[in-house]
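This report concerns only the one structure given below.
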Amino acid sequence: MQKPLLWVTFHLPQELLEPIKSYVDVKMWQDPEFDMPQDEFEAAAQEADILWTVVSNQVTADVIKRAPKLKMIANLAVGYNNIDTEAATEAGIIVTNTPDVLADTTADLAFLLMMMAARRTLEGARALYQGQWKGWQVLGMTGMDIHHKTLGIIGMGTIGELVAKRATGFDMNVIYHNRHEKPNAYGAQYRSKEDLLREADFIIVLTPLTPATRNLITKEELALMKKSAMLINVARGGIVNEDDLYEALIKGDILAAASDVFVEEPVPTKHPLLTLANFTALPHLGSATVETRLGMVSRNVESLLAYFNKHSIPFRVV
Ligand code: DGY
């Protein structure tokens with residue numbers, strides 16, 4: 001009997017396929033450095049029974065319509081805004097993700113990015129490497145303390161709580177905004193979005209990207225922030241309006257910003273935000289540790305094995 005075709009749309013070491021390879025025929029994107037271009041991804045979707053995807057693969061309603069055999073999508077991420085889950089549900093396609101396993105690692109990166117912005121570390125390192133470090137000056141390259149400041153978390157899920165946990169170790173006062181007020185373990189206080197924007201010294205954005213959160217932070221929200229405040233996005237590009245953020249940084253409406261995520265990834269090097277000294281950028285590194293990435297692969301493998309063996313499927317989104 002012919003085995004189902006699993007299309008792995010990113011490069012994965014062969015040994016990680018061991019647990020599932022007896023169940024499927026496998027095709028894999030072979031370039032470890034570059035993402036699979038969207039047109040090649042769409043061609044793969046047309047012949048696949050199962051897709052193993054990453055966030056750069058756009059699984060639109062149109063892609064789903066032209067994928068007659070597709071039964072399952074395992075997405076190597078906790079976020080699944082790259083997949084039209086309504087269209088998948090309608091077509092009877094199972095979608096799975098990788099929750100929790102990346103939460104601590106992403107919380108670490110959120111904290112790192114906040115500290116990079118606060119202490120101007122990218123600016124300082126850049127000056128050093130470019131031979132522009134002239135000497136120790138009393139007020140040279142001075143940043144801002146994070147301890148004893150107010151941190152505002154927008155989106156209080158698992159990662160948000162772990163950021164709050166870290167913040168308590170730095171004596172920060174933590175406030176949060178979420179769709180629903182929820183008890184949380186680290187004493188963070190609920191605020192309306194407006195109050196959080198007005199009060200916080202640092203704001204970390206951690207919501208998923210949905211129609212409701214697209215452009216959650218625009219010039220109106222940025223105008224409410226303190227002029228000394230900093231905005232950090234480790235969630236998804238598109239939640240913070242990049243044009244409005246650029247304007248706010250140029251005009252001094254806020255002091256600095258940092259982001260691990262962009263509307264277009266890889267972010268073009270000519271992107272206006274990348275020209276600003278008070279903006280720190282990282283290349284979507286939130287979950288990028290060996291342990292966590294292998295954990296994410298394991299989550300997807302668990303879902304795939306359950307599907308092959310007709311068991312109830314863990315980490316199912318739809
Ligand atoms: C996720 O899991 O959603 C991350 O952004 C991928 O690294």
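By order in the structure tokens, chains are A, B, ...; within a chain, residues start at 1; ligands start at 1, following the order shown.
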Q: Could you report the residues within 8 Å of ligand 1, using only C-alpha atoms and all ligand atoms, as a PyMOL selection string?
A: chain A and resi 54-55+76-80+98-99+102+234-236+284-288
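Those residues that approach Pro272 of chain A to within 10 Å, counting only C-alpha atoms, are A:Glu242, A:Asp243, A:Tyr246, A:Glu247; same-chain residues fewer than 6 positions away are not listed.
Near Val24 of chain A, within a cut-off of 6 Å and counting only C-alpha atoms, sit the residues A:Lys3, A:Pro4, A:Leu5, A:Lys21, A:Ser22, with same-chain residues fewer than 2 positions away left out.
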Write out as a Markdown table the residues of segment 232-289 of chain A that have any atom within 12 Å of an atom of segment 122-140 of chain A, one row each with the nearest atom pair and its distance in Å to one decimal, counting only C-alpha atoms, sorted by chain and then rising number.
| residue | atom | partner | partner_atom | distance |
| --- | --- | --- | --- | --- |
| A:Ala256 | CA | A:Glu123 | CA | 11.7 |
| A:Ala257 | CA | A:Leu122 | CA | 11.9 |
| A:Ala258 | CA | A:Leu122 | CA | 10.3 |
| A:Leu274 | CA | A:Leu122 | CA | 11.6 |
| A:Thr275 | CA | A:Glu123 | CA | 11.6 |
| A:Leu276 | CA | A:Glu123 | CA | 9.8 |
| A:Ala277 | CA | A:Glu123 | CA | 6.5 |
| A:Asn278 | CA | A:Glu123 | CA | 8.0 |
| A:Phe279 | CA | A:Leu122 | CA | 8.8 |
| A:Thr280 | CA | A:Leu122 | CA | 6.6 |
| A:Ala281 | CA | A:Leu122 | CA | 8.8 |
| A:Leu282 | CA | A:Leu122 | CA | 10.2 |
Output of the above residues as a PDB file, in the first residue's frame, restricted to N, CA and C atoms:
ATOM      1  N   ALA A 256      12.727  54.306  23.246  1.00  0.00           N
ATOM      2  CA  ALA A 256      13.401  53.246  22.491  1.00  0.00           C
ATOM      3  C   ALA A 256      12.434  52.082  22.270  1.00  0.00           C
ATOM      4  N   ALA A 257      12.816  51.201  21.353  1.00  0.00           N
ATOM      5  CA  ALA A 257      12.003  50.002  21.102  1.00  0.00           C
ATOM      6  C   ALA A 257      12.920  48.874  20.677  1.00  0.00           C
ATOM      7  N   ALA A 258      12.385  47.659  20.764  1.00  0.00           N
ATOM      8  CA  ALA A 258      13.153  46.486  20.348  1.00  0.00           C
ATOM      9  C   ALA A 258      12.180  45.452  19.816  1.00  0.00           C
ATOM     10  N   LEU A 274      15.580  49.844  11.059  1.00  0.00           N
ATOM     11  CA  LEU A 274      16.963  49.390  11.260  1.00  0.00           C
ATOM     12  C   LEU A 274      17.975  50.528  11.156  1.00  0.00           C
ATOM     13  N   THR A 275      17.514  51.716  10.743  1.00  0.00           N
ATOM     14  CA  THR A 275      18.439  52.865  10.651  1.00  0.00           C
ATOM     15  C   THR A 275      18.514  53.636  11.970  1.00  0.00           C
ATOM     16  N   LEU A 276      17.667  53.270  12.941  1.00  0.00           N
ATOM     17  CA  LEU A 276      17.568  54.069  14.168  1.00  0.00           C
ATOM     18  C   LEU A 276      18.460  53.523  15.282  1.00  0.00           C
ATOM     19  N   ALA A 277      19.182  54.436  15.950  1.00  0.00           N
ATOM     20  CA  ALA A 277      20.048  54.017  17.066  1.00  0.00           C
ATOM     21  C   ALA A 277      19.221  53.528  18.251  1.00  0.00           C
ATOM     22  N   ASN A 278      17.985  54.041  18.389  1.00  0.00           N
ATOM     23  CA  ASN A 278      17.172  53.639  19.552  1.00  0.00           C
ATOM     24  C   ASN A 278      16.223  52.484  19.229  1.00  0.00           C
ATOM     25  N   PHE A 279      16.595  51.683  18.243  1.00  0.00           N
ATOM     26  CA  PHE A 279      15.807  50.480  17.929  1.00  0.00           C
ATOM     27  C   PHE A 279      16.749  49.276  17.879  1.00  0.00           C
ATOM     28  N   THR A 280      16.390  48.227  18.612  1.00  0.00           N
ATOM     29  CA  THR A 280      17.193  47.000  18.640  1.00  0.00           C
ATOM     30  C   THR A 280      16.420  45.894  17.945  1.00  0.00           C
ATOM     31  N   ALA A 281      17.061  45.220  17.010  1.00  0.00           N
ATOM     32  CA  ALA A 281      16.372  44.155  16.262  1.00  0.00           C
ATOM     33  C   ALA A 281      17.084  42.827  16.437  1.00  0.00           C
ATOM     34  N   LEU A 282      16.310  41.763  16.539  1.00  0.00           N
ATOM     35  CA  LEU A 282      16.857  40.400  16.505  1.00  0.00           C
ATOM     36  C   LEU A 282      16.091  39.603  15.458  1.00  0.00           C
TER      37      LEU A 282
END
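Among the candidates A:Leu273, A:Leu12, A:Met144, A:Ile93, the residue lying nearest to Arg120 of chain A is A:Met144 (atoms considered: only C-alpha atoms).
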If you take only C-alpha atoms and a cut-off of 10 Å, which residues of segment 93-176 of chain A touch segment 290-305 of chain A, and what are their nearest atom pairs and distances in Å to one decimal, in chain and number order, as JSON lines?
{"residue": "A:Val95", "atom": "CA", "partner": "A:Ser303", "partner_atom": "CA", "distance": 9.5}
{"residue": "A:Thr96", "atom": "CA", "partner": "A:Ser303", "partner_atom": "CA", "distance": 7.0}
{"residue": "A:Asn97", "atom": "CA", "partner": "A:Asn300", "partner_atom": "CA", "distance": 6.8}
{"residue": "A:Thr98", "atom": "CA", "partner": "A:Met296", "partner_atom": "CA", "distance": 5.5}
{"residue": "A:Pro99", "atom": "CA", "partner": "A:Met296", "partner_atom": "CA", "distance": 8.2}
{"residue": "A:Asp100", "atom": "CA", "partner": "A:Met296", "partner_atom": "CA", "distance": 9.2}
{"residue": "A:Val101", "atom": "CA", "partner": "A:Gly295", "partner_atom": "CA", "distance": 6.2}
{"residue": "A:Leu102", "atom": "CA", "partner": "A:Thr292", "partner_atom": "CA", "distance": 5.7}
{"residue": "A:Ala103", "atom": "CA", "partner": "A:Thr292", "partner_atom": "CA", "distance": 9.0}
{"residue": "A:Asp104", "atom": "CA", "partner": "A:Thr292", "partner_atom": "CA", "distance": 9.0}
{"residue": "A:Thr105", "atom": "CA", "partner": "A:Thr292", "partner_atom": "CA", "distance": 7.0}
{"residue": "A:Thr106", "atom": "CA", "partner": "A:Thr292", "partner_atom": "CA", "distance": 9.4}
Q: Return as number ranges by chain the full set of residues in segment 198-316 of chain A whose backbone-based DSSP assignment is helix (DSSP H, G or I).
A: A: 198-199, 219-224, 242-251, 272-275, 290-308
(Q) To test your reading of the structure, identify every residue in segment 67-192 of chain A that backbone DSSP assigns to strand (DSSP E or B), and report it as a PyMOL selection string. (A) chain A and resi 72-75+83+94-96+150-154+173-177+189-190
Q.
Need the shell around Ile175 of chain A: protein/DNA/RNA residues with any atom at most 7 Å away, counting only C-alpha atoms. Skip same-chain ones fewer than 2 positions apart. Format as a ChimeraX atom specification?
A. /A:151-153,173,188-191,196
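Between Lys227 of chain A and the candidates A:Leu255, A:Asp171, A:Thr53, A:Ala107, the tightest atom-to-atom separation, counting only C-alpha atoms, involves A:Leu255.
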